[in-house]
Amino acid sequence: MTAPRWFDADAVRARLSFPALVDRLAQAFADPAMVVPVRHHHTVPVPGAPDATLLLMPAWRTGKHVGLKSVTVFPGNGRVGLPSIMGVYLLLSGETGVPVALLDGP
């Protein structure tokens, strides 16, 4: 099994312009093979700081790919010089479940 490809934020920006992304998302969500189940959000206690939130957003195209966007929102991160929102996107094979790519998702 091959390791999934890693795309950092710069690589994602270099390969996909915002207008192209909007067009592709519109096409994907119009496809009847696209399944977008309920998203999940969970409160994560952070000692000595405001509670954080974990967001889990799955979607798949039947027989093609399965994806999971995972985002955290840590409101207290500004105190330590970090962004409040962090995220990654995991792309899996829709035939085998094998990880294909991991994308940095700021």
# chains A, B, ... in the order shown; residues from 1 in each chain; ligands from 1
call {"tool": "residues_around", "arguments": {"residues": "Leu54 of chain A", "least_positions_apart": "4", "cutoff": "7 Å", "atoms": "only C-alpha atoms", "output": "ChimeraX atom specification"}}
result
/A:41-44,71-73
call {"tool": "write_last_selection", "arguments": {"atoms": "all heavy atoms", "output": "PDB file, in the first residue's frame"}}
result
ATOM      1  N   HIS A  41     -20.653  18.116  15.176  1.00  0.00           N
ATOM      2  CA  HIS A  41     -19.836  19.080  15.914  1.00  0.00           C
ATOM      3  C   HIS A  41     -19.853  18.673  17.385  1.00  0.00           C
ATOM      4  O   HIS A  41     -20.863  18.200  17.904  1.00  0.00           O
ATOM      5  CB  HIS A  41     -20.299  20.523  15.695  1.00  0.00           C
ATOM      6  CG  HIS A  41     -21.620  20.841  16.318  1.00  0.00           C
ATOM      7  ND1 HIS A  41     -22.818  20.562  15.703  1.00  0.00           N
ATOM      8  CD2 HIS A  41     -21.926  21.386  17.507  1.00  0.00           C
ATOM      9  CE1 HIS A  41     -23.806  20.944  16.479  1.00  0.00           C
ATOM     10  NE2 HIS A  41     -23.303  21.447  17.583  1.00  0.00           N
ATOM     11  N   HIS A  42     -18.706  18.807  17.998  1.00  0.00           N
ATOM     12  CA  HIS A  42     -18.522  18.393  19.379  1.00  0.00           C
ATOM     13  C   HIS A  42     -17.803  19.493  20.140  1.00  0.00           C
ATOM     14  O   HIS A  42     -16.862  20.094  19.626  1.00  0.00           O
ATOM     15  CB  HIS A  42     -17.684  17.104  19.441  1.00  0.00           C
ATOM     16  CG  HIS A  42     -18.272  15.989  18.640  1.00  0.00           C
ATOM     17  ND1 HIS A  42     -19.253  15.166  19.132  1.00  0.00           N
ATOM     18  CD2 HIS A  42     -18.034  15.580  17.367  1.00  0.00           C
ATOM     19  CE1 HIS A  42     -19.595  14.287  18.202  1.00  0.00           C
ATOM     20  NE2 HIS A  42     -18.869  14.509  17.120  1.00  0.00           N
ATOM     21  N   THR A  43     -18.224  19.706  21.373  1.00  0.00           N
ATOM     22  CA  THR A  43     -17.540  20.645  22.253  1.00  0.00           C
ATOM     23  C   THR A  43     -16.381  19.921  22.921  1.00  0.00           C
ATOM     24  O   THR A  43     -16.535  18.804  23.413  1.00  0.00           O
ATOM     25  CB  THR A  43     -18.505  21.187  23.314  1.00  0.00           C
ATOM     26  OG1 THR A  43     -19.562  21.861  22.630  1.00  0.00           O
ATOM     27  CG2 THR A  43     -17.810  22.152  24.264  1.00  0.00           C
ATOM     28  N   VAL A  44     -15.213  20.560  22.900  1.00  0.00           N
ATOM     29  CA  VAL A  44     -14.007  19.988  23.491  1.00  0.00           C
ATOM     30  C   VAL A  44     -13.547  20.917  24.610  1.00  0.00           C
ATOM     31  O   VAL A  44     -13.133  22.049  24.348  1.00  0.00           O
ATOM     32  CB  VAL A  44     -12.888  19.839  22.434  1.00  0.00           C
ATOM     33  CG1 VAL A  44     -11.631  19.275  23.061  1.00  0.00           C
ATOM     34  CG2 VAL A  44     -13.360  18.993  21.260  1.00  0.00           C
ATOM     35  N   VAL A  71     -12.200  19.857  11.199  1.00  0.00           N
ATOM     36  CA  VAL A  71     -11.820  21.218  11.542  1.00  0.00           C
ATOM     37  C   VAL A  71     -11.913  21.392  13.052  1.00  0.00           C
ATOM     38  O   VAL A  71     -12.842  20.887  13.680  1.00  0.00           O
ATOM     39  CB  VAL A  71     -12.748  22.240  10.844  1.00  0.00           C
ATOM     40  CG1 VAL A  71     -12.460  23.656  11.296  1.00  0.00           C
ATOM     41  CG2 VAL A  71     -12.626  22.125   9.336  1.00  0.00           C
ATOM     42  N   THR A  72     -10.946  22.097  13.614  1.00  0.00           N
ATOM     43  CA  THR A  72     -11.029  22.481  15.021  1.00  0.00           C
ATOM     44  C   THR A  72     -11.101  23.995  15.111  1.00  0.00           C
ATOM     45  O   THR A  72     -10.505  24.707  14.298  1.00  0.00           O
ATOM     46  CB  THR A  72      -9.813  21.984  15.833  1.00  0.00           C
ATOM     47  OG1 THR A  72      -8.614  22.504  15.255  1.00  0.00           O
ATOM     48  CG2 THR A  72      -9.769  20.468  15.884  1.00  0.00           C
ATOM     49  N   VAL A  73     -11.852  24.458  16.088  1.00  0.00           N
ATOM     50  CA  VAL A  73     -11.946  25.882  16.381  1.00  0.00           C
ATOM     51  C   VAL A  73     -11.547  26.046  17.843  1.00  0.00           C
ATOM     52  O   VAL A  73     -12.264  25.603  18.740  1.00  0.00           O
ATOM     53  CB  VAL A  73     -13.366  26.427  16.145  1.00  0.00           C
ATOM     54  CG1 VAL A  73     -13.414  27.922  16.436  1.00  0.00           C
ATOM     55  CG2 VAL A  73     -13.836  26.125  14.728  1.00  0.00           C
TER      56      VAL A  73
END
call {"tool": "residues_around", "arguments": {"residues": "Pro83 of chain A", "least_positions_apart": "4", "cutoff": "10 Å", "atoms": "only C-alpha atoms", "output": "MDAnalysis selection string"}}
result
chainID A and resid 73:79 106
call {"tool": "closest_residue", "arguments": {"among": "A:Leu92, A:Pro99, A:Pro58, A:Asp104", "to": "Pro4 of chain A", "atoms": "only C-alpha atoms"}}
result
A:Pro99
call {"tool": "select_by_dssp", "arguments": {"residues": "chain A", "states": "helix (DSSP H, G or I)", "output": "list in words"}}
result
Ala9, Asp10, Ala11, Val12, Arg13, Ala14, Arg15, Phe18, Pro19, Ala20, Leu21, Val22, Asp23, Arg24, Leu25, Ala26, Gln27, Ala28, Phe29, Ala30, Pro75, Gly76, Asn77, Gly78, Arg79 and Val80 of chain A
call {"tool": "residues_around", "arguments": {"residues": "Thr62 of chain A", "least_positions_apart": "2", "cutoff": "9 Å", "atoms": "only C-alpha atoms", "output": "list in words"}}
result
Ala33, Met34, Val35, Trp60, Lys64, His65, Val66, Gly94 and Glu95 of chain A
call {"tool": "closest_residue", "arguments": {"among": "A:Ala59, A:Leu91, A:Met86, A:Leu68", "to": "Pro37 of chain A", "atoms": "only C-alpha atoms"}}
result
A:Ala59
call {"tool": "select_by_dssp", "arguments": {"residues": "segment 1-104 of chain A", "states": "strand (DSSP E)", "output": "VMD selection string"}}
result
chain A and resid 5 to 7 34 to 35 40 to 44 52 to 61 65 to 73 85 to 93 99 to 104
call {"tool": "atom_distance", "arguments": {"atom1": "atom CA of Gly63 of chain A", "atom2": "atom CA of Gly87 of chain A"}}
result
25.3 Å
call {"tool": "residues_around", "arguments": {"residues": "Asp10 of chain A", "least_positions_apart": "4", "cutoff": "12 Å", "atoms": "only C-alpha atoms", "output": "short mmCIF file (atom, residue, chain, number, x, y, z; two decimals) with N, CA and C atoms, in the first residue's frame"}}
result
data_model
loop_
_atom_site.label_atom_id
_atom_site.label_comp_id
_atom_site.auth_asym_id
_atom_site.auth_seq_id
_atom_site.Cartn_x
_atom_site.Cartn_y
_atom_site.Cartn_z
N TRP A 6 0.67 14.05 0.69
CA TRP A 6 0.43 15.18 1.58
C TRP A 6 0.52 16.46 0.77
N ALA A 14 -1.54 26.45 -4.84
CA ALA A 14 -0.88 26.44 -6.14
C ALA A 14 -1.64 25.60 -7.17
N ARG A 15 -2.36 24.59 -6.70
CA ARG A 15 -3.03 23.67 -7.61
C ARG A 15 -4.50 23.99 -7.85
N LEU A 16 -5.07 24.86 -7.03
CA LEU A 16 -6.51 25.09 -7.15
C LEU A 16 -6.84 26.54 -6.82
N SER A 17 -7.27 27.27 -7.84
CA SER A 17 -7.66 28.65 -7.61
C SER A 17 -9.05 28.68 -6.98
N LEU A 103 -4.88 16.75 2.85
CA LEU A 103 -4.70 18.15 2.45
C LEU A 103 -4.80 19.07 3.67
N ASP A 104 -3.87 19.99 3.79
CA ASP A 104 -3.94 21.02 4.81
C ASP A 104 -5.12 21.91 4.46
N GLY A 105 -5.94 22.23 5.44
CA GLY A 105 -7.17 22.95 5.11
C GLY A 105 -7.41 24.23 5.84
N PRO A 106 -6.44 25.15 5.86
CA PRO A 106 -6.74 26.42 6.52
C PRO A 106 -7.73 27.22 5.71
#
call {"tool": "atom_distance", "arguments": {"atom1": "atom CA of Leu25 of chain A", "atom2": "atom CA of Thr96 of chain A"}}
result
23.6 Å
call {"tool": "atom_distance", "arguments": {"atom1": "atom CA of Arg39 of chain A", "atom2": "atom CA of Val80 of chain A"}}
result
29.0 Å
call {"tool": "decode", "arguments": {"residues": "chain A", "atoms": "C-alpha atoms", "output": "mmCIF file, in the first residue's frame"}}
result
data_model
loop_
_atom_site.group_PDB
_atom_site.id
_atom_site.type_symbol
_atom_site.label_atom_id
_atom_site.label_comp_id
_atom_site.auth_asym_id
_atom_site.auth_seq_id
_atom_site.Cartn_x
_atom_site.Cartn_y
_atom_site.Cartn_z
ATOM 1 C CA MET A 1 0.000 0.000 0.000
ATOM 2 C CA THR A 2 1.300 3.439 -0.938
ATOM 3 C CA ALA A 3 1.368 6.245 1.638
ATOM 4 C CA PRO A 4 -1.201 8.994 1.016
ATOM 5 C CA ARG A 5 0.099 12.138 -0.667
ATOM 6 C CA TRP A 6 0.427 15.183 1.584
ATOM 7 C CA PHE A 7 -0.503 18.616 0.228
ATOM 8 C CA ASP A 8 0.388 21.528 2.494
ATOM 9 C CA ALA A 9 -1.520 24.824 2.282
ATOM 10 C CA ASP A 10 0.886 26.263 -0.320
ATOM 11 C CA ALA A 11 0.519 23.191 -2.538
ATOM 12 C CA VAL A 12 -3.281 23.346 -2.306
ATOM 13 C CA ARG A 13 -3.290 27.063 -3.242
ATOM 14 C CA ALA A 14 -0.879 26.444 -6.143
ATOM 15 C CA ARG A 15 -3.032 23.671 -7.610
ATOM 16 C CA LEU A 16 -6.510 25.086 -7.146
ATOM 17 C CA SER A 17 -7.662 28.654 -7.614
ATOM 18 C CA PHE A 18 -10.660 29.879 -5.647
ATOM 19 C CA PRO A 19 -12.885 30.360 -8.769
ATOM 20 C CA ALA A 20 -12.007 26.839 -9.978
ATOM 21 C CA LEU A 21 -12.796 25.458 -6.531
ATOM 22 C CA VAL A 22 -16.224 27.112 -6.490
ATOM 23 C CA ASP A 23 -17.009 25.712 -9.970
ATOM 24 C CA ARG A 24 -15.922 22.168 -9.004
ATOM 25 C CA LEU A 25 -17.905 22.259 -5.770
ATOM 26 C CA ALA A 26 -21.033 23.367 -7.651
ATOM 27 C CA GLN A 27 -20.567 20.473 -10.090
ATOM 28 C CA ALA A 28 -19.929 17.959 -7.323
ATOM 29 C CA PHE A 29 -22.971 18.916 -5.272
ATOM 30 C CA ALA A 30 -25.191 18.719 -8.389
ATOM 31 C CA ASP A 31 -24.068 15.104 -8.997
ATOM 32 C CA PRO A 32 -26.653 12.593 -7.697
ATOM 33 C CA ALA A 33 -23.781 10.234 -6.795
ATOM 34 C CA MET A 34 -22.556 12.796 -4.226
ATOM 35 C CA VAL A 35 -23.650 11.910 -0.696
ATOM 36 C CA VAL A 36 -23.372 14.533 2.039
ATOM 37 C CA PRO A 37 -24.554 13.093 5.360
ATOM 38 C CA VAL A 38 -25.159 15.007 8.566
ATOM 39 C CA ARG A 39 -22.142 16.898 9.854
ATOM 40 C CA HIS A 40 -21.044 16.489 13.454
ATOM 41 C CA HIS A 41 -19.836 19.080 15.914
ATOM 42 C CA HIS A 42 -18.522 18.393 19.379
ATOM 43 C CA THR A 43 -17.540 20.645 22.253
ATOM 44 C CA VAL A 44 -14.007 19.988 23.491
ATOM 45 C CA PRO A 45 -13.154 21.300 26.964
ATOM 46 C CA VAL A 46 -9.820 23.162 27.141
ATOM 47 C CA PRO A 47 -8.539 23.680 30.701
ATOM 48 C CA GLY A 48 -7.958 27.375 31.423
ATOM 49 C CA ALA A 49 -9.290 28.503 28.030
ATOM 50 C CA PRO A 50 -12.602 28.759 26.173
ATOM 51 C CA ASP A 51 -14.067 25.451 24.999
ATOM 52 C CA ALA A 52 -13.013 24.339 21.541
ATOM 53 C CA THR A 53 -15.166 22.811 18.808
ATOM 54 C CA LEU A 54 -14.438 19.765 16.655
ATOM 55 C CA LEU A 55 -16.271 19.666 13.312
ATOM 56 C CA LEU A 56 -16.455 16.449 11.245
ATOM 57 C CA MET A 57 -17.813 16.727 7.704
ATOM 58 C CA PRO A 58 -17.987 13.508 5.649
ATOM 59 C CA ALA A 59 -18.986 13.210 1.988
ATOM 60 C CA TRP A 60 -18.523 10.719 -0.831
ATOM 61 C CA ARG A 61 -19.143 10.026 -4.478
ATOM 62 C CA THR A 62 -20.404 6.472 -4.815
ATOM 63 C CA GLY A 63 -17.693 4.237 -6.257
ATOM 64 C CA LYS A 64 -15.207 7.105 -6.531
ATOM 65 C CA HIS A 65 -13.946 8.714 -3.314
ATOM 66 C CA VAL A 66 -14.787 9.149 0.352
ATOM 67 C CA GLY A 67 -13.724 12.346 2.081
ATOM 68 C CA LEU A 68 -13.627 13.681 5.603
ATOM 69 C CA LYS A 69 -12.999 17.309 6.465
ATOM 70 C CA SER A 70 -11.986 17.722 10.087
ATOM 71 C CA VAL A 71 -11.820 21.218 11.542
ATOM 72 C CA THR A 72 -11.029 22.481 15.021
ATOM 73 C CA VAL A 73 -11.946 25.882 16.381
ATOM 74 C CA PHE A 74 -9.865 26.883 19.406
ATOM 75 C CA PRO A 75 -10.914 30.459 20.303
ATOM 76 C CA GLY A 76 -8.045 30.848 22.788
ATOM 77 C CA ASN A 77 -5.291 30.172 20.244
ATOM 78 C CA GLY A 78 -4.669 33.877 19.676
ATOM 79 C CA ARG A 79 -3.053 33.989 23.126
ATOM 80 C CA VAL A 80 -0.288 31.690 21.895
ATOM 81 C CA GLY A 81 0.080 33.129 18.383
ATOM 82 C CA LEU A 82 -1.859 30.415 16.551
ATOM 83 C CA PRO A 83 -4.884 30.644 14.256
ATOM 84 C CA SER A 84 -8.192 29.749 15.892
ATOM 85 C CA ILE A 85 -9.243 27.506 13.015
ATOM 86 C CA MET A 86 -7.236 24.472 11.866
ATOM 87 C CA GLY A 87 -8.297 21.764 9.451
ATOM 88 C CA VAL A 88 -7.356 18.826 7.264
ATOM 89 C CA TYR A 89 -9.113 16.920 4.504
ATOM 90 C CA LEU A 90 -8.634 13.173 4.191
ATOM 91 C CA LEU A 91 -9.393 11.664 0.763
ATOM 92 C CA LEU A 92 -9.962 7.894 0.610
ATOM 93 C CA SER A 93 -10.586 5.452 -2.211
ATOM 94 C CA GLY A 94 -14.310 4.822 -2.622
ATOM 95 C CA GLU A 95 -13.547 1.257 -3.695
ATOM 96 C CA THR A 96 -11.128 0.135 -0.967
ATOM 97 C CA GLY A 97 -11.024 2.844 1.725
ATOM 98 C CA VAL A 98 -7.266 3.225 1.206
ATOM 99 C CA PRO A 99 -6.056 6.766 2.058
ATOM 100 C CA VAL A 100 -5.206 8.651 -1.141
ATOM 101 C CA ALA A 101 -4.336 12.162 0.047
ATOM 102 C CA LEU A 102 -4.240 14.418 3.068
ATOM 103 C CA LEU A 103 -4.698 18.151 2.452
ATOM 104 C CA ASP A 104 -3.939 21.025 4.810
ATOM 105 C CA GLY A 105 -7.169 22.946 5.110
ATOM 106 C CA PRO A 106 -6.742 26.418 6.521
#
